[in-house]
$ cat work.txt   # compact mmCIF, N, CA and C atoms
# COMPACT_ATOMS: atom_id res chain seq x y z
N MET Y 105 6.07 11.09 -48.53
CA MET Y 105 5.58 11.65 -47.28
C MET Y 105 5.05 10.55 -46.37
N LYS Y 106 4.38 9.56 -46.98
CA LYS Y 106 3.83 8.46 -46.19
C LYS Y 106 4.96 7.67 -45.52
N ASN Y 107 6.06 7.44 -46.25
CA ASN Y 107 7.20 6.71 -45.69
C ASN Y 107 7.83 7.47 -44.52
N ILE Y 108 7.89 8.78 -44.63
CA ILE Y 108 8.46 9.59 -43.54
C ILE Y 108 7.58 9.50 -42.31
N SER Y 109 6.26 9.53 -42.48
CA SER Y 109 5.33 9.41 -41.35
C SER Y 109 5.49 8.06 -40.66
N ILE Y 110 5.63 7.01 -41.44
CA ILE Y 110 5.81 5.67 -40.86
C ILE Y 110 7.14 5.60 -40.11
N LEU Y 111 8.17 6.19 -40.69
CA LEU Y 111 9.48 6.19 -40.03
C LEU Y 111 9.42 6.96 -38.71
N ILE Y 112 8.79 8.11 -38.70
CA ILE Y 112 8.67 8.91 -37.47
C ILE Y 112 7.86 8.15 -36.43
N LEU Y 113 6.79 7.50 -36.84
CA LEU Y 113 5.97 6.71 -35.93
C LEU Y 113 6.78 5.56 -35.33
N ALA Y 114 7.54 4.87 -36.17
CA ALA Y 114 8.36 3.75 -35.68
C ALA Y 114 9.43 4.24 -34.72
N LEU Y 115 10.09 5.33 -35.04
CA LEU Y 115 11.12 5.87 -34.15
C LEU Y 115 10.54 6.31 -32.82
N SER Y 116 9.39 6.94 -32.83
CA SER Y 116 8.78 7.37 -31.57
C SER Y 116 8.35 6.17 -30.73
N PHE Y 117 7.92 5.10 -31.38
CA PHE Y 117 7.55 3.88 -30.65
C PHE Y 117 8.75 3.31 -29.91
N PHE Y 118 9.88 3.18 -30.60
CA PHE Y 118 11.07 2.62 -29.96
C PHE Y 118 11.66 3.57 -28.93
N ALA Y 119 11.54 4.87 -29.14
CA ALA Y 119 12.07 5.84 -28.19
C ALA Y 119 11.24 5.88 -26.91
N CYS Y 120 9.97 5.55 -26.97
CA CYS Y 120 9.08 5.63 -25.81
C CYS Y 120 8.97 4.32 -25.05
N ARG Y 121 9.61 3.28 -25.54
CA ARG Y 121 9.54 2.00 -24.83
C ARG Y 121 10.18 2.13 -23.47
N PRO Y 122 9.58 1.53 -22.44
CA PRO Y 122 10.22 1.60 -21.13
C PRO Y 122 11.51 0.78 -21.12
N GLU Y 123 12.51 1.33 -20.49
CA GLU Y 123 13.79 0.65 -20.41
C GLU Y 123 13.70 -0.45 -19.36
N LYS Y 124 14.21 -1.62 -19.69
CA LYS Y 124 14.23 -2.71 -18.72
C LYS Y 124 15.35 -2.44 -17.73
N LYS Y 125 14.99 -2.37 -16.46
CA LYS Y 125 15.98 -2.09 -15.44
C LYS Y 125 16.54 -3.39 -14.89
N LYS Y 126 17.83 -3.40 -14.70
CA LYS Y 126 18.49 -4.56 -14.12
C LYS Y 126 18.26 -4.56 -12.61
N GLN Y 127 18.06 -5.76 -12.07
CA GLN Y 127 17.94 -5.90 -10.63
C GLN Y 127 19.33 -5.75 -9.99
N PHE Y 128 19.36 -5.23 -8.79
CA PHE Y 128 20.60 -5.09 -8.05
C PHE Y 128 20.90 -6.36 -7.27
N SER Y 129 22.17 -6.69 -7.15
CA SER Y 129 22.64 -7.71 -6.22
C SER Y 129 23.24 -6.95 -5.04
N ASN Y 130 23.01 -7.46 -3.83
CA ASN Y 130 23.47 -6.80 -2.62
C ASN Y 130 24.19 -7.81 -1.74
N TRP Y 131 25.35 -7.43 -1.21
CA TRP Y 131 26.08 -8.33 -0.33
C TRP Y 131 26.87 -7.51 0.68
N LYS Y 132 27.21 -8.18 1.78
CA LYS Y 132 28.01 -7.57 2.84
C LYS Y 132 29.30 -8.36 3.01
N VAL Y 133 30.38 -7.63 3.17
CA VAL Y 133 31.69 -8.22 3.46
C VAL Y 133 32.13 -7.64 4.79
N ASN Y 134 32.19 -8.49 5.81
CA ASN Y 134 32.54 -8.03 7.17
C ASN Y 134 31.70 -6.83 7.59
N GLY Y 135 30.40 -6.86 7.26
CA GLY Y 135 29.48 -5.81 7.66
C GLY Y 135 29.40 -4.61 6.73
N VAL Y 136 30.29 -4.50 5.75
CA VAL Y 136 30.27 -3.39 4.79
C VAL Y 136 29.40 -3.81 3.61
N THR Y 137 28.41 -2.97 3.28
CA THR Y 137 27.44 -3.30 2.24
C THR Y 137 27.93 -2.88 0.86
N TYR Y 138 27.71 -3.78 -0.11
CA TYR Y 138 28.01 -3.52 -1.52
C TYR Y 138 26.75 -3.80 -2.32
N SER Y 139 26.58 -3.07 -3.40
CA SER Y 139 25.40 -3.24 -4.25
C SER Y 139 25.81 -2.97 -5.69
N SER Y 140 25.27 -3.77 -6.60
CA SER Y 140 25.63 -3.58 -8.01
C SER Y 140 24.54 -4.13 -8.93
N ASN Y 141 24.31 -3.42 -10.01
CA ASN Y 141 23.52 -3.99 -11.10
C ASN Y 141 24.39 -4.11 -12.36
N ASN Y 142 25.69 -3.99 -12.16
CA ASN Y 142 26.66 -4.20 -13.24
C ASN Y 142 27.03 -5.68 -13.26
N VAL Y 143 26.02 -6.49 -13.56
CA VAL Y 143 26.13 -7.95 -13.48
C VAL Y 143 25.74 -8.54 -14.83
N THR Y 144 26.48 -9.55 -15.25
CA THR Y 144 26.10 -10.25 -16.48
C THR Y 144 25.73 -11.69 -16.15
N ALA Y 145 24.77 -12.18 -16.88
CA ALA Y 145 24.36 -13.58 -16.79
C ALA Y 145 24.73 -14.23 -18.12
N THR Y 146 25.49 -15.30 -18.06
CA THR Y 146 25.92 -16.00 -19.26
C THR Y 146 25.40 -17.43 -19.20
N ILE Y 147 24.73 -17.84 -20.27
CA ILE Y 147 24.18 -19.19 -20.33
C ILE Y 147 24.85 -19.95 -21.46
N GLY Y 148 25.54 -21.01 -21.10
CA GLY Y 148 26.16 -21.88 -22.09
C GLY Y 148 25.48 -23.24 -22.08
N ARG Y 149 25.97 -24.15 -22.87
CA ARG Y 149 25.37 -25.49 -22.92
C ARG Y 149 25.55 -26.24 -21.61
N ALA Y 150 26.73 -26.10 -21.02
CA ALA Y 150 27.04 -26.91 -19.84
C ALA Y 150 27.37 -26.09 -18.60
N MET Y 151 27.34 -24.75 -18.71
CA MET Y 151 27.66 -23.93 -17.56
C MET Y 151 26.97 -22.58 -17.67
N VAL Y 152 26.52 -22.07 -16.52
CA VAL Y 152 25.95 -20.72 -16.46
C VAL Y 152 26.74 -19.93 -15.43
N THR Y 153 26.86 -18.63 -15.66
CA THR Y 153 27.58 -17.77 -14.72
C THR Y 153 26.80 -16.50 -14.46
N LEU Y 154 26.94 -16.01 -13.25
CA LEU Y 154 26.41 -14.73 -12.83
C LEU Y 154 27.60 -13.98 -12.25
N THR Y 155 28.03 -12.91 -12.91
CA THR Y 155 29.28 -12.25 -12.55
C THR Y 155 29.08 -10.75 -12.46
N SER Y 156 29.57 -10.16 -11.36
CA SER Y 156 29.55 -8.70 -11.26
C SER Y 156 30.89 -8.16 -11.77
N HIS Y 157 30.88 -6.90 -12.16
CA HIS Y 157 32.07 -6.30 -12.76
C HIS Y 157 32.47 -5.05 -11.99
N ASP Y 158 32.70 -5.21 -10.70
CA ASP Y 158 33.05 -4.11 -9.82
C ASP Y 158 34.37 -4.42 -9.13
N THR Y 159 34.90 -3.46 -8.39
CA THR Y 159 36.14 -3.69 -7.65
C THR Y 159 35.95 -4.79 -6.62
N THR Y 160 34.86 -4.72 -5.87
CA THR Y 160 34.47 -5.80 -4.97
C THR Y 160 33.37 -6.54 -5.69
N ARG Y 161 33.66 -7.78 -6.10
CA ARG Y 161 32.74 -8.46 -7.02
C ARG Y 161 32.59 -9.93 -6.66
N PHE Y 162 31.61 -10.54 -7.31
CA PHE Y 162 31.36 -11.97 -7.10
C PHE Y 162 31.32 -12.70 -8.43
N ASP Y 163 31.51 -14.00 -8.35
CA ASP Y 163 31.43 -14.87 -9.52
C ASP Y 163 30.72 -16.15 -9.07
N LEU Y 164 29.55 -16.40 -9.63
CA LEU Y 164 28.74 -17.56 -9.28
C LEU Y 164 28.57 -18.43 -10.51
N ARG Y 165 28.80 -19.74 -10.37
CA ARG Y 165 28.72 -20.66 -11.51
C ARG Y 165 27.98 -21.93 -11.13
N PHE Y 166 27.28 -22.45 -12.11
CA PHE Y 166 26.66 -23.77 -12.01
C PHE Y 166 27.03 -24.54 -13.27
N TYR Y 167 27.37 -25.82 -13.12
CA TYR Y 167 27.61 -26.66 -14.29
C TYR Y 167 26.28 -27.25 -14.74
N LEU Y 168 25.44 -26.37 -15.24
CA LEU Y 168 24.13 -26.70 -15.79
C LEU Y 168 23.93 -25.84 -17.02
N GLY Y 169 22.96 -26.15 -17.84
CA GLY Y 169 22.65 -25.33 -19.00
C GLY Y 169 21.59 -24.29 -18.72
N PHE Y 170 21.28 -24.05 -17.43
CA PHE Y 170 20.24 -23.11 -17.03
C PHE Y 170 20.53 -22.65 -15.60
N PHE Y 171 19.93 -21.53 -15.22
CA PHE Y 171 20.04 -21.07 -13.84
C PHE Y 171 18.99 -21.78 -13.01
N PRO Y 172 19.39 -22.54 -11.99
CA PRO Y 172 18.38 -23.20 -11.15
C PRO Y 172 17.56 -22.16 -10.40
N SER Y 173 16.25 -22.38 -10.33
CA SER Y 173 15.36 -21.39 -9.73
C SER Y 173 14.76 -21.85 -8.41
N SER Y 174 15.19 -22.99 -7.91
CA SER Y 174 14.71 -23.45 -6.61
C SER Y 174 15.73 -24.41 -6.02
N GLY Y 175 15.60 -24.64 -4.73
CA GLY Y 175 16.45 -25.61 -4.07
C GLY Y 175 17.61 -25.00 -3.31
N GLU Y 176 18.34 -25.86 -2.63
CA GLU Y 176 19.52 -25.49 -1.87
C GLU Y 176 20.74 -26.11 -2.54
N TRP Y 177 21.77 -25.31 -2.72
CA TRP Y 177 22.95 -25.74 -3.47
C TRP Y 177 24.18 -25.66 -2.60
N PRO Y 178 24.84 -26.79 -2.33
CA PRO Y 178 26.11 -26.74 -1.59
C PRO Y 178 27.11 -25.87 -2.35
N ILE Y 179 27.91 -25.10 -1.60
CA ILE Y 179 28.85 -24.16 -2.21
C ILE Y 179 30.26 -24.72 -2.12
N ILE Y 180 30.98 -24.64 -3.23
CA ILE Y 180 32.39 -25.03 -3.25
C ILE Y 180 33.17 -23.96 -4.02
N SER Y 181 34.50 -24.02 -3.91
CA SER Y 181 35.35 -23.03 -4.60
C SER Y 181 35.77 -23.48 -5.98
N ILE Y 182 36.06 -24.75 -6.12
CA ILE Y 182 36.44 -25.28 -7.42
C ILE Y 182 35.66 -26.57 -7.65
N ASN Y 183 35.46 -26.90 -8.90
CA ASN Y 183 34.66 -28.08 -9.24
C ASN Y 183 35.29 -28.77 -10.45
N PRO Y 184 36.44 -29.43 -10.26
CA PRO Y 184 37.13 -30.03 -11.41
C PRO Y 184 36.31 -31.12 -12.09
N SER Y 185 35.42 -31.76 -11.37
CA SER Y 185 34.61 -32.82 -11.99
C SER Y 185 33.35 -32.26 -12.66
N GLN Y 186 33.14 -30.94 -12.56
CA GLN Y 186 31.98 -30.28 -13.15
C GLN Y 186 30.67 -30.91 -12.68
N ASP Y 187 30.60 -31.21 -11.39
CA ASP Y 187 29.42 -31.81 -10.78
C ASP Y 187 28.27 -30.80 -10.77
N PRO Y 188 27.13 -31.11 -11.39
CA PRO Y 188 26.02 -30.16 -11.48
C PRO Y 188 25.27 -29.98 -10.16
N ASN Y 189 25.65 -30.70 -9.11
CA ASN Y 189 24.95 -30.60 -7.84
C ASN Y 189 25.53 -29.53 -6.91
N PHE Y 190 26.49 -28.75 -7.40
CA PHE Y 190 27.15 -27.75 -6.58
C PHE Y 190 27.09 -26.37 -7.23
N ALA Y 191 27.15 -25.34 -6.38
CA ALA Y 191 27.33 -23.96 -6.84
C ALA Y 191 28.78 -23.60 -6.57
N ILE Y 192 29.43 -22.94 -7.50
CA ILE Y 192 30.79 -22.46 -7.32
C ILE Y 192 30.69 -20.95 -7.10
N LEU Y 193 31.14 -20.49 -5.95
CA LEU Y 193 31.00 -19.08 -5.61
C LEU Y 193 32.33 -18.54 -5.11
N GLY Y 194 32.74 -17.43 -5.68
CA GLY Y 194 33.96 -16.76 -5.25
C GLY Y 194 33.78 -15.26 -5.25
N PHE Y 195 34.64 -14.58 -4.53
CA PHE Y 195 34.59 -13.13 -4.42
C PHE Y 195 35.97 -12.55 -4.66
N TYR Y 196 36.01 -11.33 -5.16
CA TYR Y 196 37.24 -10.56 -5.26
C TYR Y 196 37.02 -9.28 -4.48
N ILE Y 197 37.95 -8.98 -3.61
CA ILE Y 197 37.94 -7.70 -2.90
C ILE Y 197 39.20 -7.00 -3.36
N ASP Y 198 39.01 -5.97 -4.17
CA ASP Y 198 40.09 -5.36 -4.94
C ASP Y 198 40.70 -6.46 -5.81
N THR Y 199 41.93 -6.82 -5.58
CA THR Y 199 42.56 -7.85 -6.42
C THR Y 199 42.72 -9.18 -5.70
N ILE Y 200 42.17 -9.28 -4.49
CA ILE Y 200 42.36 -10.49 -3.68
C ILE Y 200 41.18 -11.44 -3.88
N PRO Y 201 41.45 -12.67 -4.35
CA PRO Y 201 40.36 -13.64 -4.54
C PRO Y 201 40.08 -14.41 -3.24
N TYR Y 202 38.79 -14.65 -2.98
CA TYR Y 202 38.36 -15.40 -1.80
C TYR Y 202 37.47 -16.56 -2.24
N GLY Y 203 37.69 -17.69 -1.60
CA GLY Y 203 36.88 -18.88 -1.86
C GLY Y 203 36.30 -19.40 -0.56
N ILE Y 204 35.36 -20.29 -0.69
CA ILE Y 204 34.66 -20.85 0.47
C ILE Y 204 35.63 -21.68 1.32
N THR Y 205 35.43 -21.67 2.62
CA THR Y 205 36.27 -22.49 3.49
C THR Y 205 35.96 -23.96 3.27
N PRO Y 206 36.95 -24.83 3.42
CA PRO Y 206 36.72 -26.26 3.16
C PRO Y 206 35.66 -26.89 4.06
N ARG Y 207 35.47 -26.34 5.26
CA ARG Y 207 34.51 -26.93 6.20
C ARG Y 207 33.12 -26.30 6.09
N ASN Y 208 32.88 -25.54 5.06
CA ASN Y 208 31.59 -24.86 4.92
C ASN Y 208 30.43 -25.86 4.84
N ILE Y 209 29.34 -25.55 5.53
CA ILE Y 209 28.13 -26.37 5.43
C ILE Y 209 26.95 -25.54 4.93
N ASN Y 210 27.16 -24.23 4.75
CA ASN Y 210 26.07 -23.38 4.26
C ASN Y 210 25.76 -23.70 2.81
N LYS Y 211 24.53 -23.38 2.44
CA LYS Y 211 24.09 -23.62 1.06
C LYS Y 211 23.55 -22.33 0.47
N LEU Y 212 23.60 -22.25 -0.83
CA LEU Y 212 23.02 -21.14 -1.56
C LEU Y 212 21.56 -21.49 -1.82
N ILE Y 213 20.65 -20.59 -1.49
CA ILE Y 213 19.22 -20.83 -1.66
C ILE Y 213 18.77 -20.18 -2.96
N ALA Y 214 18.20 -20.96 -3.86
CA ALA Y 214 17.71 -20.46 -5.15
C ALA Y 214 16.22 -20.22 -5.07
N SER Y 215 15.77 -19.11 -5.67
CA SER Y 215 14.34 -18.80 -5.73
C SER Y 215 14.09 -17.90 -6.94
N LYS Y 216 12.83 -17.55 -7.14
CA LYS Y 216 12.44 -16.65 -8.24
C LYS Y 216 11.93 -15.35 -7.65
N ASN Y 217 12.27 -14.22 -8.29
CA ASN Y 217 11.80 -12.90 -7.89
C ASN Y 217 11.63 -12.08 -9.17
N ASN Y 218 10.42 -11.60 -9.42
CA ASN Y 218 10.14 -10.84 -10.65
C ASN Y 218 10.51 -11.64 -11.90
N ASN Y 219 10.21 -12.94 -11.89
CA ASN Y 219 10.50 -13.85 -13.00
C ASN Y 219 11.99 -14.00 -13.30
N LYS Y 220 12.82 -13.67 -12.34
CA LYS Y 220 14.27 -13.85 -12.49
C LYS Y 220 14.78 -14.60 -11.27
N VAL Y 221 15.90 -15.31 -11.45
CA VAL Y 221 16.43 -16.09 -10.33
C VAL Y 221 17.14 -15.19 -9.32
N THR Y 222 17.05 -15.61 -8.07
CA THR Y 222 17.71 -14.95 -6.95
C THR Y 222 18.41 -16.01 -6.14
N TYR Y 223 19.63 -15.73 -5.72
CA TYR Y 223 20.39 -16.65 -4.88
C TYR Y 223 20.72 -15.94 -3.58
N THR Y 224 20.40 -16.59 -2.46
CA THR Y 224 20.60 -16.00 -1.14
C THR Y 224 21.69 -16.77 -0.40
N LEU Y 225 22.64 -16.03 0.13
CA LEU Y 225 23.75 -16.60 0.88
C LEU Y 225 23.66 -16.12 2.33
N ALA Y 226 23.50 -17.05 3.28
CA ALA Y 226 23.56 -16.72 4.70
C ALA Y 226 25.01 -16.36 5.04
N PRO Y 227 25.25 -15.70 6.18
CA PRO Y 227 26.64 -15.36 6.53
C PRO Y 227 27.55 -16.59 6.47
N THR Y 228 28.59 -16.47 5.65
CA THR Y 228 29.48 -17.60 5.36
C THR Y 228 30.93 -17.09 5.30
N TRP Y 229 31.85 -17.88 5.84
CA TRP Y 229 33.26 -17.51 5.83
C TRP Y 229 33.92 -17.90 4.51
N PHE Y 230 34.69 -16.97 3.98
CA PHE Y 230 35.51 -17.18 2.79
C PHE Y 230 36.95 -16.86 3.16
N ILE Y 231 37.90 -17.59 2.55
CA ILE Y 231 39.31 -17.36 2.84
C ILE Y 231 40.04 -16.95 1.56
N SER Y 232 41.10 -16.19 1.75
CA SER Y 232 41.92 -15.76 0.62
C SER Y 232 42.67 -16.97 0.07
N TYR Y 233 42.70 -17.08 -1.25
CA TYR Y 233 43.48 -18.15 -1.88
C TYR Y 233 44.97 -17.96 -1.61
N ASN Y 234 45.38 -16.70 -1.47
CA ASN Y 234 46.80 -16.38 -1.30
C ASN Y 234 47.27 -16.46 0.15
N ASN Y 235 46.33 -16.32 1.10
CA ASN Y 235 46.69 -16.29 2.52
C ASN Y 235 45.56 -16.91 3.33
N PRO Y 236 45.67 -18.17 3.72
CA PRO Y 236 44.58 -18.82 4.44
C PRO Y 236 44.27 -18.20 5.81
N ASN Y 237 45.14 -17.30 6.30
CA ASN Y 237 44.86 -16.60 7.55
C ASN Y 237 43.99 -15.36 7.33
N ASP Y 238 43.73 -15.02 6.08
CA ASP Y 238 42.90 -13.87 5.72
C ASP Y 238 41.51 -14.38 5.39
N SER Y 239 40.54 -14.07 6.25
CA SER Y 239 39.17 -14.54 6.01
C SER Y 239 38.20 -13.38 6.10
N VAL Y 240 37.06 -13.53 5.42
CA VAL Y 240 36.01 -12.52 5.42
C VAL Y 240 34.67 -13.23 5.58
N LEU Y 241 33.74 -12.55 6.27
CA LEU Y 241 32.39 -13.07 6.45
C LEU Y 241 31.50 -12.37 5.42
N ILE Y 242 30.87 -13.16 4.55
CA ILE Y 242 30.09 -12.60 3.45
C ILE Y 242 28.67 -13.17 3.49
N GLU Y 243 27.70 -12.30 3.24
CA GLU Y 243 26.31 -12.70 3.07
C GLU Y 243 25.73 -11.85 1.96
N GLY Y 244 24.65 -12.33 1.33
CA GLY Y 244 24.09 -11.50 0.28
C GLY Y 244 22.98 -12.14 -0.51
N THR Y 245 22.47 -11.33 -1.42
CA THR Y 245 21.45 -11.75 -2.37
C THR Y 245 21.97 -11.40 -3.76
N PHE Y 246 22.03 -12.41 -4.61
CA PHE Y 246 22.61 -12.24 -5.95
C PHE Y 246 21.51 -12.50 -6.97
N ASN Y 247 21.21 -11.48 -7.76
CA ASN Y 247 20.07 -11.53 -8.67
C ASN Y 247 20.48 -11.59 -10.13
N GLU Y 248 19.70 -12.34 -10.89
CA GLU Y 248 19.84 -12.29 -12.34
C GLU Y 248 19.52 -10.87 -12.77
N PRO Y 249 20.35 -10.27 -13.62
CA PRO Y 249 20.12 -8.86 -13.98
C PRO Y 249 18.80 -8.64 -14.71
$ encode --input "work.txt" --output "structure tokens"
Amino acid sequence: MKNISILILALSFFACRPEKKKQFSNWKVNGVTYSSNNVTATIGRAMVTLTSHDTTRFDLRFYLGFFPSSGEWPIISINPSQDPNFAILGFYIDTIPYGITPRNINKLIASKNNNKVTYTLAPTWFISYNNPNDSVLIEGTFNEP
């Protein structure tokens, strides 16, 4: 009987724990707002990623072993040298991939919010990898879930 009481107490403790809510990331593509908390953060030894899993989605990477929580990060589309001084940011709109324009001078701003990292993107032009005449203006706030 004592074991059953302990089991019931333990189960009620775990059942009553508050659920940790994921923060939402919000972004606009040509003025249309998107929001998602279907985002994963992956931390590896030499690279971290923040990726949403929606039809209109983003993929943010740093060649670091941690998510930077402060500073301004130049944005590029590819980083073959794995330079840790850059943020790699891309978007998919349906099945079309978009990368930063080669002449981009905007930077991703890193900060902390609720003890999690937040990255802010001012309005920035991205072009389709498949069609350089197809461009979109994107801005947003991308949060660690």
$ closest_residue --input "work.txt" --among "Y:Phe166, Y:Phe195, Y:Phe171, Y:Phe190" --to "Thr222 (chain Y)" --atoms "only C-alpha atoms"
Y:Phe171
$ atom_distance --input "work.txt" --atom1 "atom C of Gly169 (chain Y)" --atom2 "CA of Thr146 (chain Y)"
9.4 Å
$ atom_distance --input "work.txt" --atom1 "atom N of Leu212 (chain Y)" --atom2 "atom N of Lys125 (chain Y)"
26.7 Å
$ closest_residue --input "work.txt" --among "Y:Ile197, Y:Val136, Y:Ile213, Y:Ile147" --to "Thr160 (chain Y)" --atoms "only C-alpha atoms"
Y:Ile197
$ closest_residue --input "work.txt" --among "Y:Ser181, Y:Asn235, Y:Ser129, Y:Ser215" --to "Val143 (chain Y)" --atoms "all atoms listed in the file"
Y:Ser129
$ closest_residue --input "work.txt" --among "Y:Thr228, Y:Asn218, Y:Asn189, Y:Asn183" --to "Ile204 (chain Y)" --atoms "only C-alpha atoms"
Y:Thr228
$ select_by_dssp --input "work.txt" --residues "region 111-226 of chain Y" --states "strand (DSSP E or B)" --output "JSON, numbers by chain"
{"Y": [129, 130, 131, 132, 133, 136, 137, 138, 139, 140, 143, 144, 145, 146, 147, 152, 153, 154, 155, 156, 160, 161, 162, 163, 164, 165, 166, 175, 176, 177, 178, 179, 180, 191, 192, 193, 194, 195, 196, 197, 200, 201, 202, 203, 204, 211, 212, 213, 214, 215, 216, 217, 220, 221, 222, 223, 224, 225, 226]}
$ residues_around --input "work.txt" --residues "Gln127 (chain Y)" --least-positions-apart "3" --cutoff "8 Å" --atoms "all atoms listed in the file" --output "list in words"
Lys124, Asn130, Ser140, Asn141, Asn142, Val143, Phe246, Asn247, Glu248 and Pro249 of chain Y
$ write_last_selection --input "work.txt" --atoms "N, CA and C atoms" --output "PDB file, in the frame of the given file"
ATOM      1  N   LYS Y 124      14.210  -1.620 -19.690  1.00  0.00           N
ATOM      2  CA  LYS Y 124      14.230  -2.710 -18.720  1.00  0.00           C
ATOM      3  C   LYS Y 124      15.350  -2.440 -17.730  1.00  0.00           C
ATOM      4  N   ASN Y 130      23.010  -7.460  -3.830  1.00  0.00           N
ATOM      5  CA  ASN Y 130      23.470  -6.800  -2.620  1.00  0.00           C
ATOM      6  C   ASN Y 130      24.190  -7.810  -1.740  1.00  0.00           C
ATOM      7  N   SER Y 140      25.270  -3.770  -6.600  1.00  0.00           N
ATOM      8  CA  SER Y 140      25.630  -3.580  -8.010  1.00  0.00           C
ATOM      9  C   SER Y 140      24.540  -4.130  -8.930  1.00  0.00           C
ATOM     10  N   ASN Y 141      24.310  -3.420 -10.010  1.00  0.00           N
ATOM     11  CA  ASN Y 141      23.520  -3.990 -11.100  1.00  0.00           C
ATOM     12  C   ASN Y 141      24.390  -4.110 -12.360  1.00  0.00           C
ATOM     13  N   ASN Y 142      25.690  -3.990 -12.160  1.00  0.00           N
ATOM     14  CA  ASN Y 142      26.660  -4.200 -13.240  1.00  0.00           C
ATOM     15  C   ASN Y 142      27.030  -5.680 -13.260  1.00  0.00           C
ATOM     16  N   VAL Y 143      26.020  -6.490 -13.560  1.00  0.00           N
ATOM     17  CA  VAL Y 143      26.130  -7.950 -13.480  1.00  0.00           C
ATOM     18  C   VAL Y 143      25.740  -8.540 -14.830  1.00  0.00           C
ATOM     19  N   PHE Y 246      22.030 -12.410  -4.610  1.00  0.00           N
ATOM     20  CA  PHE Y 246      22.610 -12.240  -5.950  1.00  0.00           C
ATOM     21  C   PHE Y 246      21.510 -12.500  -6.970  1.00  0.00           C
ATOM     22  N   ASN Y 247      21.210 -11.480  -7.760  1.00  0.00           N
ATOM     23  CA  ASN Y 247      20.070 -11.530  -8.670  1.00  0.00           C
ATOM     24  C   ASN Y 247      20.480 -11.590 -10.130  1.00  0.00           C
ATOM     25  N   GLU Y 248      19.700 -12.340 -10.890  1.00  0.00           N
ATOM     26  CA  GLU Y 248      19.840 -12.290 -12.340  1.00  0.00           C
ATOM     27  C   GLU Y 248      19.520 -10.870 -12.770  1.00  0.00           C
ATOM     28  N   PRO Y 249      20.350 -10.270 -13.620  1.00  0.00           N
ATOM     29  CA  PRO Y 249      20.120  -8.860 -13.980  1.00  0.00           C
ATOM     30  C   PRO Y 249      18.800  -8.640 -14.710  1.00  0.00           C
TER      31      PRO Y 249
END
$ closest_residue --input "work.txt" --among "Y:Leu193, Y:Asp187, Y:Pro172, Y:Ile182" --to "Lys216 (chain Y)" --atoms "all atoms listed in the file"
Y:Pro172
